[in-house]
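Participant: I'm passing along input_19.cif; it holds mmCIF, C-alpha atoms and all ligand atoms.
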```
data_target
#
loop_
_atom_site.label_atom_id
_atom_site.label_comp_id
_atom_site.auth_asym_id
_atom_site.auth_seq_id
_atom_site.Cartn_x
_atom_site.Cartn_y
_atom_site.Cartn_z
CA MET A 623 -14.12 -81.25 -41.63
CA GLU A 624 -17.75 -81.97 -42.47
CA PHE A 625 -20.25 -79.46 -41.10
CA GLN A 626 -22.61 -80.99 -38.55
CA PRO A 627 -25.49 -78.66 -37.66
CA LYS A 628 -26.24 -78.03 -33.99
CA ILE A 629 -29.81 -77.05 -33.22
CA LEU A 630 -31.31 -76.09 -29.87
CA ALA A 631 -35.00 -76.87 -29.53
CA LEU A 632 -36.96 -74.99 -26.86
CA VAL A 633 -40.05 -77.14 -26.42
CA CYS A 634 -43.20 -77.46 -24.35
CA THR A 635 -43.22 -80.50 -22.11
CA TYR A 636 -46.90 -81.31 -22.72
CA CYS A 637 -46.84 -81.66 -26.48
CA THR A 638 -43.61 -81.48 -28.42
CA TYR A 639 -41.47 -83.10 -25.74
CA THR A 640 -43.87 -86.03 -25.55
CA ALA A 641 -43.77 -86.37 -29.35
CA ALA A 642 -39.95 -86.23 -29.36
CA ASP A 643 -39.83 -88.83 -26.60
CA MET A 644 -42.16 -91.07 -28.59
CA ALA A 645 -40.04 -90.64 -31.72
CA GLY A 646 -37.03 -91.79 -29.71
CA SER A 647 -38.85 -94.77 -28.18
CA ALA A 648 -40.14 -95.82 -31.60
CA ARG A 649 -36.58 -95.50 -32.97
CA MET A 650 -37.73 -93.21 -35.74
CA GLN A 651 -34.80 -92.14 -37.88
CA TYR A 652 -33.93 -88.48 -37.70
CA PRO A 653 -30.77 -86.42 -37.60
CA ALA A 654 -28.95 -86.28 -34.26
CA THR A 655 -28.63 -82.54 -34.61
CA VAL A 656 -31.00 -81.41 -31.89
CA ARG A 657 -30.58 -80.76 -28.20
CA ILE A 658 -33.84 -80.21 -26.36
CA VAL A 659 -34.50 -77.71 -23.59
CA LYS A 660 -37.83 -78.39 -21.92
CA TYR A 661 -40.34 -75.74 -20.79
CA LEU A 662 -43.62 -76.09 -18.93
CA CYS A 663 -45.13 -74.02 -21.75
CA THR A 664 -43.64 -72.13 -24.68
CA GLY A 665 -45.26 -69.02 -23.20
CA ARG A 666 -42.33 -69.00 -20.76
CA ILE A 667 -39.76 -68.62 -23.50
CA ASP A 668 -38.28 -65.13 -23.43
CA LEU A 669 -36.32 -63.34 -26.11
CA ILE A 670 -33.25 -63.59 -23.88
CA HIS A 671 -33.53 -67.41 -23.93
CA ILE A 672 -33.50 -67.43 -27.72
CA LEU A 673 -30.48 -65.13 -27.80
CA LYS A 674 -28.75 -67.30 -25.19
CA ALA A 675 -29.29 -70.33 -27.42
CA PHE A 676 -27.47 -68.56 -30.26
CA GLU A 677 -24.76 -67.44 -27.84
CA ALA A 678 -24.27 -71.13 -27.01
CA GLY A 679 -23.29 -71.61 -30.64
CA ALA A 680 -26.50 -73.11 -32.01
CA ASP A 681 -26.72 -72.91 -35.80
CA ALA A 682 -30.49 -72.70 -35.46
CA VAL A 683 -33.16 -72.55 -32.78
CA MET A 684 -36.53 -74.26 -32.90
CA VAL A 685 -39.40 -73.25 -30.66
CA SER A 686 -42.10 -75.88 -30.56
CA GLY A 687 -45.25 -76.09 -28.52
CA CYS A 688 -48.82 -77.24 -28.51
CA GLU A 689 -51.08 -76.70 -31.47
CA ALA A 690 -53.26 -73.59 -31.59
CA GLY A 691 -56.12 -73.98 -29.11
CA SER A 692 -54.36 -76.80 -27.21
CA CYS A 693 -51.99 -74.87 -24.92
CA HIS A 694 -52.47 -76.00 -21.31
CA PHE A 695 -52.01 -72.38 -20.25
CA LEU A 696 -54.51 -71.18 -22.87
CA GLU A 697 -52.48 -68.65 -24.83
CA GLY A 698 -48.85 -69.46 -24.03
CA ASN A 699 -48.18 -70.71 -27.53
CA LEU A 700 -49.68 -67.55 -29.03
CA ARG A 701 -47.40 -65.39 -26.88
CA ALA A 702 -44.47 -67.56 -27.93
CA ARG A 703 -45.32 -67.06 -31.59
CA GLU A 704 -45.35 -63.28 -31.12
CA ARG A 705 -41.94 -63.40 -29.44
CA VAL A 706 -40.54 -65.67 -32.13
CA GLU A 707 -41.75 -63.33 -34.87
CA TYR A 708 -40.16 -60.37 -33.06
CA ALA A 709 -36.93 -62.30 -32.57
CA GLN A 710 -36.89 -63.32 -36.25
CA LYS A 711 -36.85 -59.65 -37.24
CA LEU A 712 -34.02 -58.85 -34.83
CA LEU A 713 -31.99 -61.86 -35.94
CA ALA A 714 -32.40 -60.94 -39.61
CA GLU A 715 -30.90 -57.54 -38.83
CA VAL A 716 -27.78 -59.06 -37.29
CA GLY A 717 -27.13 -61.64 -40.00
CA LEU A 718 -28.89 -64.61 -38.37
CA GLY A 719 -31.99 -64.60 -40.59
CA GLY A 720 -33.69 -67.94 -41.24
CA ARG A 721 -32.16 -69.58 -38.18
CA LEU A 722 -35.21 -69.40 -35.88
CA GLU A 723 -38.52 -71.14 -36.52
CA MET A 724 -41.65 -71.97 -34.58
CA PHE A 725 -43.45 -75.30 -34.87
CA GLU A 726 -46.58 -76.80 -33.34
CA VAL A 727 -46.36 -80.50 -32.60
CA ALA A 728 -49.10 -82.41 -30.79
CA ALA A 729 -48.10 -85.01 -28.20
CA SER A 730 -49.20 -87.88 -30.42
CA ASP A 731 -47.51 -86.58 -33.56
CA ALA A 732 -43.99 -87.99 -33.42
CA PRO A 733 -43.72 -88.00 -37.25
CA LYS A 734 -44.35 -84.24 -37.30
CA TRP A 735 -41.50 -83.74 -34.82
CA VAL A 736 -39.21 -85.83 -37.00
CA ALA A 737 -40.23 -83.79 -40.05
CA ALA A 738 -39.59 -80.52 -38.19
CA VAL A 739 -36.08 -81.62 -37.19
CA LYS A 740 -35.31 -82.70 -40.74
CA GLU A 741 -36.61 -79.40 -42.09
CA MET A 742 -34.45 -77.33 -39.74
CA THR A 743 -31.41 -79.50 -40.35
CA GLN A 744 -31.74 -79.08 -44.11
CA ARG A 745 -32.20 -75.37 -43.69
CA VAL A 746 -29.05 -75.07 -41.60
CA GLU A 747 -27.10 -77.21 -44.04
CA ALA A 748 -28.05 -74.71 -46.74
CA LEU A 749 -27.24 -71.66 -44.58
CA GLY A 750 -23.98 -73.04 -43.21
CA PRO A 751 -22.62 -72.59 -39.67
CA SER A 752 -23.83 -69.74 -37.49
CA PRO A 753 -21.37 -66.83 -37.35
CA LEU A 754 -21.57 -67.23 -33.55
CA ARG A 755 -20.64 -70.91 -33.61
CA ARG A 756 -17.72 -71.87 -31.38
CA GLY A 757 -16.27 -75.13 -32.56
CA ARG A 758 -18.12 -78.35 -33.20
CA HIS A 759 -20.11 -78.46 -29.98
CA LEU A 760 -22.57 -76.27 -28.17
CA HIS A 761 -20.86 -74.30 -25.40
CA PRO A 762 -21.75 -76.34 -22.27
CA GLU A 763 -21.59 -73.44 -19.80
CA VAL A 764 -23.89 -71.27 -21.88
CA VAL A 765 -26.36 -74.14 -22.36
CA GLU A 766 -26.29 -74.59 -18.58
CA GLN A 767 -27.01 -70.88 -18.12
CA LEU A 768 -29.99 -71.27 -20.45
CA GLU A 769 -31.28 -74.30 -18.56
CA ASN A 770 -30.95 -72.38 -15.28
CA MET A 771 -32.98 -69.52 -16.78
CA VAL A 772 -35.73 -71.98 -17.67
CA GLN A 773 -35.92 -73.30 -14.10
CA SER A 774 -35.89 -69.90 -12.41
FE1 LIG B 1 -47.72 -76.41 -24.60
FE2 LIG B 1 -48.45 -73.99 -23.67
S1 LIG B 1 -48.63 -75.89 -22.67
S2 LIG B 1 -47.41 -74.48 -25.51
#
```
How would this structure read if it were set down as structure tokens?
Ligand code: FES
Facilitator:
Amino acid sequence: MEFQPKILALVCTYCTYTAADMAGSARMQYPATVRIVKYLCTGRIDLIHILKAFEAGADAVMVSGCEAGSCHFLEGNLRARERVEYAQKLLAEVGLGGRLEMFEVAASDAPKWVAAVKEMTQRVEALGPSPLRRGRHLHPEVVEQLENMVQS
């Protein structure tokens, strides 16, 4: 059966989510590989959320927030970048290297969001399925646990 990448995108509602929404409204063509989990700010994304996304069977995880200097909570995106870099090191040690990336997408930049999704999809196609993948779909209960973590 053909491999269809599954990507979880943990995104800031102010910037990237708006861009993704705009890309959808404008019917821009991009792979249907991404499921979005929305945050008030990427500064609220914890390491445990990233690990939960992989536990859900994601082949890759994208973190995407406001551009440098544009975070509505001043430095949330900088904190997120530090956490992502730390998580990248941990993931590399357990055989999940290359499967986590951080992006910055302004609210008006739908094409950049589309490009980011394409980039991650191509990367996952080259890497193949995550060793933690469970079947063709993301595990719904684990995704729900992640969404509950975001709201708490
Ligand atoms: Fe968008 Fe902080 S408000 S990253």
Participant: Which residue is closest to ligand LIG 1 (chain B)? Choose from A:Lys740, A:Lys674, A:His694, A:Arg666 and count all atoms listed in the file.
Facilitator: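 That would be A:His694, the residue with the smallest distance to ligand LIG 1 (chain B).
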Participant: So, counting all atoms listed in the file, which residue among A:Val736, A:Leu768, A:Met650, A:Ala714 is closest to Thr638 of chain A?
Facilitator: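 Among the listed residues, the smallest separation from Thr638 of chain A belongs to A:Val736.
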Participant: Quick one: residues within 7 Å of ligand LIG 1 (chain B), with all atoms listed in the file, as a list in words?
Facilitator: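 Result of the 7 Å neighbour search around ligand LIG 1 (chain B): Cys634, Thr635, Tyr636, Cys637, Leu662, Cys663, Thr664, Gly665, Gly687, Cys688, Cys693, His694, Phe695, Leu696, Glu697, Gly698 and Asn699 of chain A.
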Participant: Quick one, how far is atom CA of Ser752 of chain A from atom CA of Arg705 of chain A?
Facilitator: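 Straight-line distance from atom CA of Ser752 of chain A to atom CA of Arg705 of chain A works out to 20.8 Å.
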Participant: If the box runs along x, y and z of the file and leaves 3 Å on each side of segment 741-744 of chain A, what are its centre and edge lengths in Å, one decimal, as JSON?
Facilitator:
```
{"center_x": -34.0, "center_y": -78.4, "center_z": -41.9, "size_x": 11.2, "size_y": 8.2, "size_z": 10.4}
```
Participant: Report the distance between atom CA of Asn770 of chain A and atom CA of Pro753 of chain A in Å, rounded to one decimal place.
Facilitator: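 Distance reported for this atom pair: 24.7 Å.
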Participant: Out of A:Thr743, A:Glu677, A:Glu769, A:Ala732, which residue has the shortest atom-to-atom distance to Gly646 of chain A when counting all atoms listed in the file?
Facilitator: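 For Gly646 of chain A, the nearest of the given residues is A:Ala732.
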Participant: What would the file be for segment 703-772 of chain A if you keep C-alpha atoms and write it as a PDB file, in the first residue's frame?
Facilitator:
```pdb
ATOM      1  CA  ARG A 703      12.435  27.514  19.079  1.00  0.00           C
ATOM      2  CA  GLU A 704      14.609  26.605  22.083  1.00  0.00           C
ATOM      3  CA  ARG A 705      12.290  23.726  22.963  1.00  0.00           C
ATOM      4  CA  VAL A 706      12.187  22.514  19.381  1.00  0.00           C
ATOM      5  CA  GLU A 707      15.985  22.523  19.167  1.00  0.00           C
ATOM      6  CA  TYR A 708      16.190  20.562  22.429  1.00  0.00           C
ATOM      7  CA  ALA A 709      13.546  18.112  21.206  1.00  0.00           C
ATOM      8  CA  GLN A 710      15.375  17.675  17.885  1.00  0.00           C
ATOM      9  CA  LYS A 711      18.451  16.470  19.773  1.00  0.00           C
ATOM     10  CA  LEU A 712      16.426  14.019  21.850  1.00  0.00           C
ATOM     11  CA  LEU A 713      14.557  12.710  18.824  1.00  0.00           C
ATOM     12  CA  ALA A 714      17.798  12.180  16.900  1.00  0.00           C
ATOM     13  CA  GLU A 715      19.025   9.981  19.755  1.00  0.00           C
ATOM     14  CA  VAL A 716      15.974   7.729  19.566  1.00  0.00           C
ATOM     15  CA  GLY A 717      15.929   7.312  15.796  1.00  0.00           C
ATOM     16  CA  LEU A 718      13.429  10.075  14.970  1.00  0.00           C
ATOM     17  CA  GLY A 719      15.935  12.594  13.605  1.00  0.00           C
ATOM     18  CA  GLY A 720      14.732  14.985  10.896  1.00  0.00           C
ATOM     19  CA  ARG A 721      11.075  14.543  11.812  1.00  0.00           C
ATOM     20  CA  LEU A 722      10.599  17.792  13.756  1.00  0.00           C
ATOM     21  CA  GLU A 723      10.951  21.274  12.293  1.00  0.00           C
ATOM     22  CA  MET A 724      10.082  24.819  13.281  1.00  0.00           C
ATOM     23  CA  PHE A 725       8.671  27.359  10.844  1.00  0.00           C
ATOM     24  CA  GLU A 726       7.645  31.006  11.065  1.00  0.00           C
ATOM     25  CA  VAL A 727       4.637  31.933   8.964  1.00  0.00           C
ATOM     26  CA  ALA A 728       3.020  35.372   9.076  1.00  0.00           C
ATOM     27  CA  ALA A 729      -0.782  35.597   9.011  1.00  0.00           C
ATOM     28  CA  SER A 730      -0.798  37.003   5.489  1.00  0.00           C
ATOM     29  CA  ASP A 731       1.665  34.480   4.081  1.00  0.00           C
ATOM     30  CA  ALA A 732      -0.477  31.559   2.959  1.00  0.00           C
ATOM     31  CA  PRO A 733       2.047  30.606   0.226  1.00  0.00           C
ATOM     32  CA  LYS A 734       4.742  30.181   2.883  1.00  0.00           C
ATOM     33  CA  TRP A 735       2.471  27.807   4.804  1.00  0.00           C
ATOM     34  CA  VAL A 736       1.849  25.799   1.645  1.00  0.00           C
ATOM     35  CA  ALA A 737       5.604  25.654   0.987  1.00  0.00           C
ATOM     36  CA  ALA A 738       6.275  24.507   4.567  1.00  0.00           C
ATOM     37  CA  VAL A 739       3.748  21.674   4.281  1.00  0.00           C
ATOM     38  CA  LYS A 740       5.214  20.584   0.959  1.00  0.00           C
ATOM     39  CA  GLU A 741       8.726  20.680   2.409  1.00  0.00           C
ATOM     40  CA  MET A 742       7.792  18.510   5.393  1.00  0.00           C
ATOM     41  CA  THR A 743       5.806  16.109   3.247  1.00  0.00           C
ATOM     42  CA  GLN A 744       8.754  15.612   0.901  1.00  0.00           C
ATOM     43  CA  ARG A 745      11.054  15.132   3.843  1.00  0.00           C
ATOM     44  CA  VAL A 746       8.810  12.448   5.331  1.00  0.00           C
ATOM     45  CA  GLU A 747       8.451  10.735   1.970  1.00  0.00           C
ATOM     46  CA  ALA A 748      12.242  10.466   1.883  1.00  0.00           C
ATOM     47  CA  LEU A 749      12.511   9.278   5.507  1.00  0.00           C
ATOM     48  CA  GLY A 750       9.630   6.815   5.295  1.00  0.00           C
ATOM     49  CA  PRO A 751       7.071   6.063   8.025  1.00  0.00           C
ATOM     50  CA  SER A 752       7.837   6.835  11.653  1.00  0.00           C
ATOM     51  CA  PRO A 753       8.861   3.746  13.646  1.00  0.00           C
ATOM     52  CA  LEU A 754       6.067   4.741  16.066  1.00  0.00           C
ATOM     53  CA  ARG A 755       3.398   4.845  13.366  1.00  0.00           C
ATOM     54  CA  ARG A 756       0.311   2.756  14.083  1.00  0.00           C
ATOM     55  CA  GLY A 757      -1.481   2.047  10.861  1.00  0.00           C
ATOM     56  CA  ARG A 758      -2.573   4.547   8.254  1.00  0.00           C
ATOM     57  CA  HIS A 759      -4.204   7.045  10.584  1.00  0.00           C
ATOM     58  CA  LEU A 760      -3.226   9.112  13.561  1.00  0.00           C
ATOM     59  CA  HIS A 761      -4.368   7.477  16.796  1.00  0.00           C
ATOM     60  CA  PRO A 762      -7.555   9.440  17.632  1.00  0.00           C
ATOM     61  CA  GLU A 763      -7.392   8.955  21.406  1.00  0.00           C
ATOM     62  CA  VAL A 764      -3.811  10.167  21.610  1.00  0.00           C
ATOM     63  CA  VAL A 765      -4.585  13.188  19.410  1.00  0.00           C
ATOM     64  CA  GLU A 766      -7.475  13.935  21.759  1.00  0.00           C
ATOM     65  CA  GLN A 767      -5.121  13.702  24.746  1.00  0.00           C
ATOM     66  CA  LEU A 768      -2.838  16.190  23.011  1.00  0.00           C
ATOM     67  CA  GLU A 769      -5.709  18.574  22.302  1.00  0.00           C
ATOM     68  CA  ASN A 770      -6.789  18.348  25.947  1.00  0.00           C
ATOM     69  CA  MET A 771      -3.244  19.222  27.028  1.00  0.00           C
ATOM     70  CA  VAL A 772      -3.373  22.327  24.846  1.00  0.00           C
TER      71      VAL A 772
END
```
